Amino acid sequence: MVTSNELPGGISSNTLAFLDLDHPGAKDPEYRDRRVQIANLARVFREQPADPFPIVSYTEQEHQVWRQCFAALWPLQEKHACNAYLEGRQRLALPEDHIPQLADVSGRLASYEGFRLRPVEGLVVPRIFLQQLERRIMLSTQYIRHPSRPFFTPEPDIVHELLGHAAMFTHAPFVALSRLIGRGARLSSDGQLEQIGRLYWFTVEFGLIQEEGETRAFGAGLLGGVEDLTRAFASGADVRPFDLEEIVAMDYDFNHPQPIYFVIPSFDELCAAVETFVSSLG
Ligand SMILES: [Fe+2]
């Protein structure tokens with residue numbers, strides 16, 4: 001049973017940051033209606049928690065987008081994902097032929113490091129979203145991207161959440177990193193929060209790691225995006241050694257493909273650096 005105590009605190013319609021959609025779906029009224037329908041399920045859940053949380057009856061066209069993404073991502077991940085992701089991918093065993101329900105994946109995730117997914121209508125303002133990580137919760141969307149551009153999305157969707165993020169939450173050091181970032185968001189001033197957001201962006205979303213002499217991906221923006229993952233490993237990509245000071249001072253634009261990536265030496269070293277940074281906040 002999900003009780004209101006287990007729900008992320010502080011989320012309300014005022015803390016949702018709806019994007020001014022700058023992608024093909026924005027001009028498709030049918031797609032927009034469908035987005036509202038799925039968002040409403042999450043809203044009802046937020047206002048009146050129930051068990052199980054919202055089940056979405058996906059359409060055949062939506063399952064088809066998932067299949068397309070899954071088929072393209074699988075071999076790319078095989079080639080470029082870090083060991084922790086590949087292990088997590090095996091543990092979760094997400095289906096290739098249909099979109100799984102968020103509740104089912106959340107239940108499986110929780111059995112590893114206690115991390116859970118909770119449905120949300122859309123993008124949430126950074127402080128609320130990041131703070132939930134400390135409680136081992138990731139707020140997740142349930143809609144899927146527009147079928148006309150399956151390999152890139154400027155905003156989170158179910159492909160990004162499940163094929164990009166979920167597997168990493170079975171890995172203890174990554175969960176520790178996520179919780180540290182969540183703690184940082186809780187302790188930070190508005191200016192510091194912007195720095196925490198950048199840290200999140202260049203690690204949890206677009207991070208690379210040095211592993212067995214090779215550069216591998218662990219960021220969800222990469223592992224859940226065919227175009228992003230391909231771009232990060234193309235010749236000429238701007239790949240830099242991890243530098244926390246450089247990262248927290250660097251702007252990014254989530255509406256466009258990511259141009260710069262940072263490679264961490266290991267999760268332990270990243271966590272140590274983030275812990276020192278978070279301790280300096282407040
Ligand atoms: Fe994400």
# chains A, B, ... in the order shown; residues from 1 in each chain; ligands from 1

$ residues_around --residues "Phe254 of chain A" --least-positions-apart "5" --cutoff "12 Å" --atoms "only C-alpha atoms" --output "PyMOL selection string"
chain A and resi 19+21-22+123+152-156+197-198+201-202+205-206+221+228+259

$ write_last_selection --atoms "C-alpha atoms" --output "PDB file, in the first residue's frame"
ATOM      1  CA  LEU A  19       8.332  22.711 -20.979  1.00  0.00           C
ATOM      2  CA  LEU A  21       7.633  21.876 -26.085  1.00  0.00           C
ATOM      3  CA  ASP A  22      10.162  22.438 -28.806  1.00  0.00           C
ATOM      4  CA  LEU A 123       9.328  18.042 -15.351  1.00  0.00           C
ATOM      5  CA  PHE A 152      16.171  12.002 -29.428  1.00  0.00           C
ATOM      6  CA  THR A 153      14.067  13.789 -26.845  1.00  0.00           C
ATOM      7  CA  PRO A 154      14.809  17.109 -25.121  1.00  0.00           C
ATOM      8  CA  GLU A 155      12.710  16.082 -22.102  1.00  0.00           C
ATOM      9  CA  PRO A 156      12.352  12.980 -19.964  1.00  0.00           C
ATOM     10  CA  GLY A 197      21.925  20.943 -10.954  1.00  0.00           C
ATOM     11  CA  ARG A 198      25.006  21.182 -13.150  1.00  0.00           C
ATOM     12  CA  TRP A 201      23.562  17.074 -15.391  1.00  0.00           C
ATOM     13  CA  PHE A 202      27.199  16.322 -16.160  1.00  0.00           C
ATOM     14  CA  GLU A 205      22.669  12.526 -17.013  1.00  0.00           C
ATOM     15  CA  PHE A 206      25.746  12.751 -19.219  1.00  0.00           C
ATOM     16  CA  GLY A 221      20.845  11.065 -21.067  1.00  0.00           C
ATOM     17  CA  ASP A 228      23.188  11.203 -27.608  1.00  0.00           C
ATOM     18  CA  PRO A 259      28.324  19.166 -26.610  1.00  0.00           C
TER      19      PRO A 259
END

$ closest_atom_pairs --of "chain A" --to "ligand 1" --cutoff "10 Å" --atoms "only C-alpha atoms and all ligand atoms" --output "JSON lines"
{"residue": "A:Leu123", "atom": "CA", "partner": "ligand 1", "partner_atom_place_in_ligand_line": "1 (Fe)", "distance": 9.8}
{"residue": "A:Met138", "atom": "CA", "partner": "ligand 1", "partner_atom_place_in_ligand_line": "1 (Fe)", "distance": 9.1}
{"residue": "A:Leu139", "atom": "CA", "partner": "ligand 1", "partner_atom_place_in_ligand_line": "1 (Fe)", "distance": 9.5}
{"residue": "A:Ser140", "atom": "CA", "partner": "ligand 1", "partner_atom_place_in_ligand_line": "1 (Fe)", "distance": 8.5}
{"residue": "A:Thr141", "atom": "CA", "partner": "ligand 1", "partner_atom_place_in_ligand_line": "1 (Fe)", "distance": 9.8}
{"residue": "A:Glu155", "atom": "CA", "partner": "ligand 1", "partner_atom_place_in_ligand_line": "1 (Fe)", "distance": 8.1}
{"residue": "A:Pro156", "atom": "CA", "partner": "ligand 1", "partner_atom_place_in_ligand_line": "1 (Fe)", "distance": 5.9}
{"residue": "A:Asp157", "atom": "CA", "partner": "ligand 1", "partner_atom_place_in_ligand_line": "1 (Fe)", "distance": 8.6}
{"residue": "A:His160", "atom": "CA", "partner": "ligand 1", "partner_atom_place_in_ligand_line": "1 (Fe)", "distance": 6.4}
{"residue": "A:Glu161", "atom": "CA", "partner": "ligand 1", "partner_atom_place_in_ligand_line": "1 (Fe)", "distance": 6.2}
{"residue": "A:Leu162", "atom": "CA", "partner": "ligand 1", "partner_atom_place_in_ligand_line": "1 (Fe)", "distance": 9.6}
{"residue": "A:Gly164", "atom": "CA", "partner": "ligand 1", "partner_atom_place_in_ligand_line": "1 (Fe)", "distance": 7.3}
{"residue": "A:His165", "atom": "CA", "partner": "ligand 1", "partner_atom_place_in_ligand_line": "1 (Fe)", "distance": 6.5}
{"residue": "A:Ala166", "atom": "CA", "partner": "ligand 1", "partner_atom_place_in_ligand_line": "1 (Fe)", "distance": 9.8}
{"residue": "A:Tyr200", "atom": "CA", "partner": "ligand 1", "partner_atom_place_in_ligand_line": "1 (Fe)", "distance": 9.2}
{"residue": "A:Trp201", "atom": "CA", "partner": "ligand 1", "partner_atom_place_in_ligand_line": "1 (Fe)", "distance": 8.3}
{"residue": "A:Val204", "atom": "CA", "partner": "ligand 1", "partner_atom_place_in_ligand_line": "1 (Fe)", "distance": 7.5}
{"residue": "A:Glu205", "atom": "CA", "partner": "ligand 1", "partner_atom_place_in_ligand_line": "1 (Fe)", "distance": 5.7}
{"residue": "A:Phe206", "atom": "CA", "partner": "ligand 1", "partner_atom_place_in_ligand_line": "1 (Fe)", "distance": 9.2}
{"residue": "A:Gly219", "atom": "CA", "partner": "ligand 1", "partner_atom_place_in_ligand_line": "1 (Fe)", "distance": 8.4}
{"residue": "A:Ala220", "atom": "CA", "partner": "ligand 1", "partner_atom_place_in_ligand_line": "1 (Fe)", "distance": 5.8}
{"residue": "A:Gly221", "atom": "CA", "partner": "ligand 1", "partner_atom_place_in_ligand_line": "1 (Fe)", "distance": 6.1}
{"residue": "A:Leu222", "atom": "CA", "partner": "ligand 1", "partner_atom_place_in_ligand_line": "1 (Fe)", "distance": 9.6}
{"residue": "A:Gly224", "atom": "CA", "partner": "ligand 1", "partner_atom_place_in_ligand_line": "1 (Fe)", "distance": 8.9}

$ residues_around --residues "Gln131 of chain A" --least-positions-apart "6" --cutoff "7 Å" --atoms "only C-alpha atoms" --output "list in words"
Gly182, Arg183, Ala185 and Arg186 of chain A

$ write_last_selection --atoms "C-alpha atoms" --output "PDB file, in the first residue's frame"
ATOM      1  CA  GLY A 182      19.797  15.001  -3.158  1.00  0.00           C
ATOM      2  CA  ARG A 183      21.300  16.075   0.160  1.00  0.00           C
ATOM      3  CA  ALA A 185      19.846  20.095  -3.112  1.00  0.00           C
ATOM      4  CA  ARG A 186      18.254  20.120   0.329  1.00  0.00           C
TER       5      ARG A 186
END

$ residues_around --residues "Arg34 of chain A" --least-positions-apart "2" --cutoff "12 Å" --atoms "only C-alpha atoms" --output "ChimeraX atom specification"
/A:25-26,28-32,36-41,56-59,61-62,142-146

$ select_by_dssp --residues "segment 78-281 of chain A" --states "strand (DSSP E)" --output "list of chain:residue names"
A:Arg116, A:Leu117, A:Arg118, A:Pro119, A:Ile137, A:Met138, A:Leu139, A:Ser140, A:Leu208, A:Ile209, A:Gln210, A:Glu211, A:Glu214, A:Thr215, A:Arg216, A:Ala217, A:Asp238, A:Val239, A:Arg240, A:Pro241, A:Ile260, A:Tyr261, A:Phe262, A:Val263, A:Ile264

$ residues_around --residues "Met168 of chain A" --least-positions-apart "4" --cutoff "12 Å" --atoms "only C-alpha atoms" --output "number ranges by chain"
A: 81-92, 109, 112-113, 115-116, 138, 161-164, 172-178, 204-205, 207, 217-220, 223-224, 267

$ write_last_selection --atoms "N, CA and C atoms" --output "mmCIF file, in the first residue's frame"
data_model
loop_
_atom_site.group_PDB
_atom_site.id
_atom_site.type_symbol
_atom_site.label_atom_id
_atom_site.label_comp_id
_atom_site.auth_asym_id
_atom_site.auth_seq_id
_atom_site.Cartn_x
_atom_site.Cartn_y
_atom_site.Cartn_z
ATOM 1 N N ALA A 81 28.140 1.058 -22.604
ATOM 2 C CA ALA A 81 27.709 1.261 -21.213
ATOM 3 C C ALA A 81 28.749 0.722 -20.239
ATOM 4 N N CYS A 82 28.796 1.345 -19.047
ATOM 5 C CA CYS A 82 29.716 0.879 -18.011
ATOM 6 C C CYS A 82 29.197 -0.438 -17.431
ATOM 7 N N ASN A 83 30.076 -1.130 -16.697
ATOM 8 C CA ASN A 83 29.709 -2.437 -16.141
ATOM 9 C C ASN A 83 28.491 -2.353 -15.230
ATOM 10 N N ALA A 84 28.426 -1.298 -14.396
ATOM 11 C CA ALA A 84 27.306 -1.178 -13.455
ATOM 12 C C ALA A 84 25.977 -1.126 -14.208
ATOM 13 N N TYR A 85 25.964 -0.399 -15.321
ATOM 14 C CA TYR A 85 24.717 -0.313 -16.093
ATOM 15 C C TYR A 85 24.363 -1.674 -16.683
ATOM 16 N N LEU A 86 25.355 -2.334 -17.262
ATOM 17 C CA LEU A 86 25.070 -3.620 -17.917
ATOM 18 C C LEU A 86 24.589 -4.661 -16.914
ATOM 19 N N GLU A 87 25.172 -4.619 -15.727
ATOM 20 C CA GLU A 87 24.713 -5.513 -14.658
ATOM 21 C C GLU A 87 23.267 -5.186 -14.269
ATOM 22 N N GLY A 88 23.001 -3.910 -14.087
ATOM 23 C CA GLY A 88 21.659 -3.464 -13.704
ATOM 24 C C GLY A 88 20.644 -3.805 -14.779
ATOM 25 N N ARG A 89 21.054 -3.672 -16.020
ATOM 26 C CA ARG A 89 20.173 -3.984 -17.146
ATOM 27 C C ARG A 89 19.742 -5.450 -17.097
ATOM 28 N N GLN A 90 20.715 -6.286 -16.746
ATOM 29 C CA GLN A 90 20.423 -7.718 -16.636
ATOM 30 C C GLN A 90 19.472 -7.991 -15.465
ATOM 31 N N ARG A 91 19.739 -7.307 -14.355
ATOM 32 C CA ARG A 91 18.901 -7.501 -13.170
ATOM 33 C C ARG A 91 17.446 -7.115 -13.442
ATOM 34 N N LEU A 92 17.251 -5.999 -14.132
ATOM 35 C CA LEU A 92 15.887 -5.502 -14.338
ATOM 36 C C LEU A 92 15.151 -6.253 -15.439
ATOM 37 N N LEU A 109 13.269 -2.631 -8.729
ATOM 38 C CA LEU A 109 14.392 -1.773 -8.320
ATOM 39 C C LEU A 109 14.564 -1.781 -6.805
ATOM 40 N N TYR A 112 16.794 -4.128 -4.754
ATOM 41 C CA TYR A 112 18.262 -4.054 -4.774
ATOM 42 C C TYR A 112 18.783 -3.032 -3.762
ATOM 43 N N GLU A 113 18.685 -1.780 -4.066
ATOM 44 C CA GLU A 113 19.238 -0.745 -3.172
ATOM 45 C C GLU A 113 18.147 0.130 -2.567
ATOM 46 N N PHE A 115 15.871 1.745 -4.019
ATOM 47 C CA PHE A 115 15.496 2.905 -4.823
ATOM 48 C C PHE A 115 14.142 2.667 -5.482
ATOM 49 N N ARG A 116 13.300 3.702 -5.530
ATOM 50 C CA ARG A 116 11.970 3.559 -6.107
ATOM 51 C C ARG A 116 11.681 4.664 -7.120
ATOM 52 N N MET A 138 13.130 8.484 -7.469
ATOM 53 C CA MET A 138 13.230 9.296 -8.669
ATOM 54 C C MET A 138 11.836 9.521 -9.230
ATOM 55 N N GLU A 161 13.569 7.353 -18.652
ATOM 56 C CA GLU A 161 13.532 6.940 -17.240
ATOM 57 C C GLU A 161 13.955 5.474 -17.077
ATOM 58 N N LEU A 162 13.397 4.612 -17.944
ATOM 59 C CA LEU A 162 13.614 3.179 -17.727
ATOM 60 C C LEU A 162 14.842 2.635 -18.452
ATOM 61 N N LEU A 163 15.069 3.071 -19.694
ATOM 62 C CA LEU A 163 16.246 2.557 -20.403
ATOM 63 C C LEU A 163 17.488 3.409 -20.133
ATOM 64 N N GLY A 164 17.279 4.640 -19.651
ATOM 65 C CA GLY A 164 18.417 5.490 -19.314
ATOM 66 C C GLY A 164 18.809 5.371 -17.846
ATOM 67 N N ALA A 172 25.038 0.175 -5.798
ATOM 68 C CA ALA A 172 25.161 0.894 -4.519
ATOM 69 C C ALA A 172 25.952 2.209 -4.613
ATOM 70 N N PRO A 173 27.139 2.231 -5.229
ATOM 71 C CA PRO A 173 27.877 3.512 -5.278
ATOM 72 C C PRO A 173 27.132 4.602 -6.043
ATOM 73 N N PHE A 174 26.361 4.206 -7.063
ATOM 74 C CA PHE A 174 25.602 5.205 -7.814
ATOM 75 C C PHE A 174 24.440 5.733 -6.982
ATOM 76 N N VAL A 175 23.839 4.841 -6.208
ATOM 77 C CA VAL A 175 22.764 5.276 -5.310
ATOM 78 C C VAL A 175 23.341 6.243 -4.274
ATOM 79 N N ALA A 176 24.543 5.935 -3.775
ATOM 80 C CA ALA A 176 25.191 6.840 -2.807
ATOM 81 C C ALA A 176 25.409 8.214 -3.443
ATOM 82 N N LEU A 177 25.863 8.225 -4.686
ATOM 83 C CA LEU A 177 26.075 9.491 -5.400
ATOM 84 C C LEU A 177 24.752 10.256 -5.535
ATOM 85 N N SER A 178 23.702 9.557 -5.935
ATOM 86 C CA SER A 178 22.400 10.197 -6.133
ATOM 87 C C SER A 178 21.899 10.790 -4.821
ATOM 88 N N VAL A 204 25.048 12.329 -13.518
ATOM 89 C CA VAL A 204 23.911 11.392 -13.596
ATOM 90 C C VAL A 204 23.293 11.370 -15.002
ATOM 91 N N GLU A 205 23.271 12.510 -15.679
ATOM 92 C CA GLU A 205 22.669 12.526 -17.013
ATOM 93 C C GLU A 205 23.656 12.263 -18.147
ATOM 94 N N GLY A 207 27.261 11.599 -17.703
ATOM 95 C CA GLY A 207 28.575 11.193 -17.233
ATOM 96 C C GLY A 207 29.187 10.015 -17.982
ATOM 97 N N ALA A 217 29.923 4.818 -20.709
ATOM 98 C CA ALA A 217 28.872 5.769 -20.296
ATOM 99 C C ALA A 217 28.126 5.271 -19.070
ATOM 100 N N PHE A 218 27.784 6.206 -18.176
ATOM 101 C CA PHE A 218 26.853 5.859 -17.100
ATOM 102 C C PHE A 218 25.688 6.845 -17.009
ATOM 103 N N GLY A 219 25.740 7.934 -17.733
ATOM 104 C CA GLY A 219 24.678 8.944 -17.677
ATOM 105 C C GLY A 219 23.425 8.501 -18.432
ATOM 106 N N ALA A 220 22.265 8.800 -17.836
ATOM 107 C CA ALA A 220 20.992 8.358 -18.419
ATOM 108 C C ALA A 220 20.652 9.080 -19.720
ATOM 109 N N LEU A 223 22.621 6.865 -22.095
ATOM 110 C CA LEU A 223 22.224 5.462 -22.229
ATOM 111 C C LEU A 223 20.784 5.287 -22.696
ATOM 112 N N GLY A 224 19.970 6.341 -22.542
ATOM 113 C CA GLY A 224 18.582 6.254 -22.987
ATOM 114 C C GLY A 224 18.340 6.996 -24.294
ATOM 115 N N PHE A 267 33.404 5.681 -9.429
ATOM 116 C CA PHE A 267 32.291 6.200 -8.639
ATOM 117 C C PHE A 267 32.762 6.608 -7.242
#

$ select_by_dssp --residues "segment 91-186 of chain A" --states "helix (DSSP H, G or I)" --output "ChimeraX atom specification"
/A:91-92,102-113,126-134,158-170,172-186

$ write_last_selection --atoms "C-alpha atoms" --output "PDB file, in the first residue's frame"
ATOM      1  CA  ARG A  91      18.901  -7.501 -13.170  1.00  0.00           C
ATOM      2  CA  LEU A  92      15.887  -5.502 -14.338  1.00  0.00           C
ATOM      3  CA  LEU A 102       6.480   2.042 -13.855  1.00  0.00           C
ATOM      4  CA  ALA A 103       5.089   0.337 -10.731  1.00  0.00           C
ATOM      5  CA  ASP A 104       6.532  -3.037 -11.755  1.00  0.00           C
ATOM      6  CA  VAL A 105       9.984  -1.656 -12.488  1.00  0.00           C
ATOM      7  CA  SER A 106       9.924   0.315  -9.242  1.00  0.00           C
ATOM      8  CA  GLY A 107       9.126  -2.837  -7.284  1.00  0.00           C
ATOM      9  CA  ARG A 108      12.025  -4.706  -8.869  1.00  0.00           C
ATOM     10  CA  LEU A 109      14.392  -1.773  -8.320  1.00  0.00           C
ATOM     11  CA  ALA A 110      13.473  -1.514  -4.643  1.00  0.00           C
ATOM     12  CA  SER A 111      14.650  -5.066  -4.021  1.00  0.00           C
ATOM     13  CA  TYR A 112      18.262  -4.054  -4.774  1.00  0.00           C
ATOM     14  CA  GLU A 113      19.238  -0.745  -3.172  1.00  0.00           C
ATOM     15  CA  PRO A 126      15.018  21.203  -9.780  1.00  0.00           C
ATOM     16  CA  ARG A 127      15.004  21.534  -5.987  1.00  0.00           C
ATOM     17  CA  ILE A 128      11.983  19.259  -5.562  1.00  0.00           C
ATOM     18  CA  PHE A 129      13.193  16.712  -8.118  1.00  0.00           C
ATOM     19  CA  LEU A 130      16.747  16.537  -6.767  1.00  0.00           C
ATOM     20  CA  GLN A 131      15.747  16.430  -3.105  1.00  0.00           C
ATOM     21  CA  GLN A 132      13.781  13.225  -3.677  1.00  0.00           C
ATOM     22  CA  LEU A 133      16.989  11.455  -4.630  1.00  0.00           C
ATOM     23  CA  GLU A 134      18.143  11.649  -1.024  1.00  0.00           C
ATOM     24  CA  ILE A 158       9.447   6.588 -20.132  1.00  0.00           C
ATOM     25  CA  VAL A 159      12.296   5.492 -22.447  1.00  0.00           C
ATOM     26  CA  HIS A 160      14.663   7.915 -20.750  1.00  0.00           C
ATOM     27  CA  GLU A 161      13.532   6.940 -17.240  1.00  0.00           C
ATOM     28  CA  LEU A 162      13.614   3.179 -17.727  1.00  0.00           C
ATOM     29  CA  LEU A 163      16.246   2.557 -20.403  1.00  0.00           C
ATOM     30  CA  GLY A 164      18.417   5.490 -19.314  1.00  0.00           C
ATOM     31  CA  HIS A 165      18.161   5.726 -15.522  1.00  0.00           C
ATOM     32  CA  ALA A 166      16.665   2.645 -13.913  1.00  0.00           C
ATOM     33  CA  ALA A 167      19.518   0.132 -14.233  1.00  0.00           C
ATOM     34  CA  MET A 168      22.000   2.433 -12.476  1.00  0.00           C
ATOM     35  CA  PHE A 169      19.807   2.532  -9.349  1.00  0.00           C
ATOM     36  CA  THR A 170      20.638  -1.124  -8.658  1.00  0.00           C
ATOM     37  CA  ALA A 172      25.161   0.894  -4.519  1.00  0.00           C
ATOM     38  CA  PRO A 173      27.877   3.512  -5.278  1.00  0.00           C
ATOM     39  CA  PHE A 174      25.602   5.205  -7.814  1.00  0.00           C
ATOM     40  CA  VAL A 175      22.764   5.276  -5.310  1.00  0.00           C
ATOM     41  CA  ALA A 176      25.191   6.840  -2.807  1.00  0.00           C
ATOM     42  CA  LEU A 177      26.075   9.491  -5.400  1.00  0.00           C
ATOM     43  CA  SER A 178      22.400  10.197  -6.133  1.00  0.00           C
ATOM     44  CA  ARG A 179      21.606  10.549  -2.433  1.00  0.00           C
ATOM     45  CA  LEU A 180      24.537  12.941  -1.959  1.00  0.00           C
ATOM     46  CA  ILE A 181      23.236  15.100  -4.790  1.00  0.00           C
ATOM     47  CA  GLY A 182      19.797  15.001  -3.158  1.00  0.00           C
ATOM     48  CA  ARG A 183      21.300  16.075   0.160  1.00  0.00           C
ATOM     49  CA  GLY A 184      23.133  18.876  -1.621  1.00  0.00           C
ATOM     50  CA  ALA A 185      19.846  20.095  -3.112  1.00  0.00           C
ATOM     51  CA  ARG A 186      18.254  20.120   0.329  1.00  0.00           C
TER      52      ARG A 186
END

$ atom_distance --atom1 "atom CA of Arg118 of chain A" --atom2 "atom CA of Cys69 of chain A"
22.3 Å

$ residues_around --residues "Gly213 of chain A" --least-positions-apart "4" --cutoff "12 Å" --atoms "only C-alpha atoms" --output "VMD selection string"
chain A and resid 82 209 265 to 266

$ residues_around --residues "Gly236 of chain A" --least-positions-apart "6" --cutoff "12 Å" --atoms "only C-alpha atoms" --output "list in words"
Thr230, Pro259, Ile260 and Tyr261 of chain A

$ closest_residue --among "A:Val120, A:Ile99, A:Val65, A:Leu199" --to "Val278 of chain A" --atoms "only C-alpha atoms"
A:Leu199
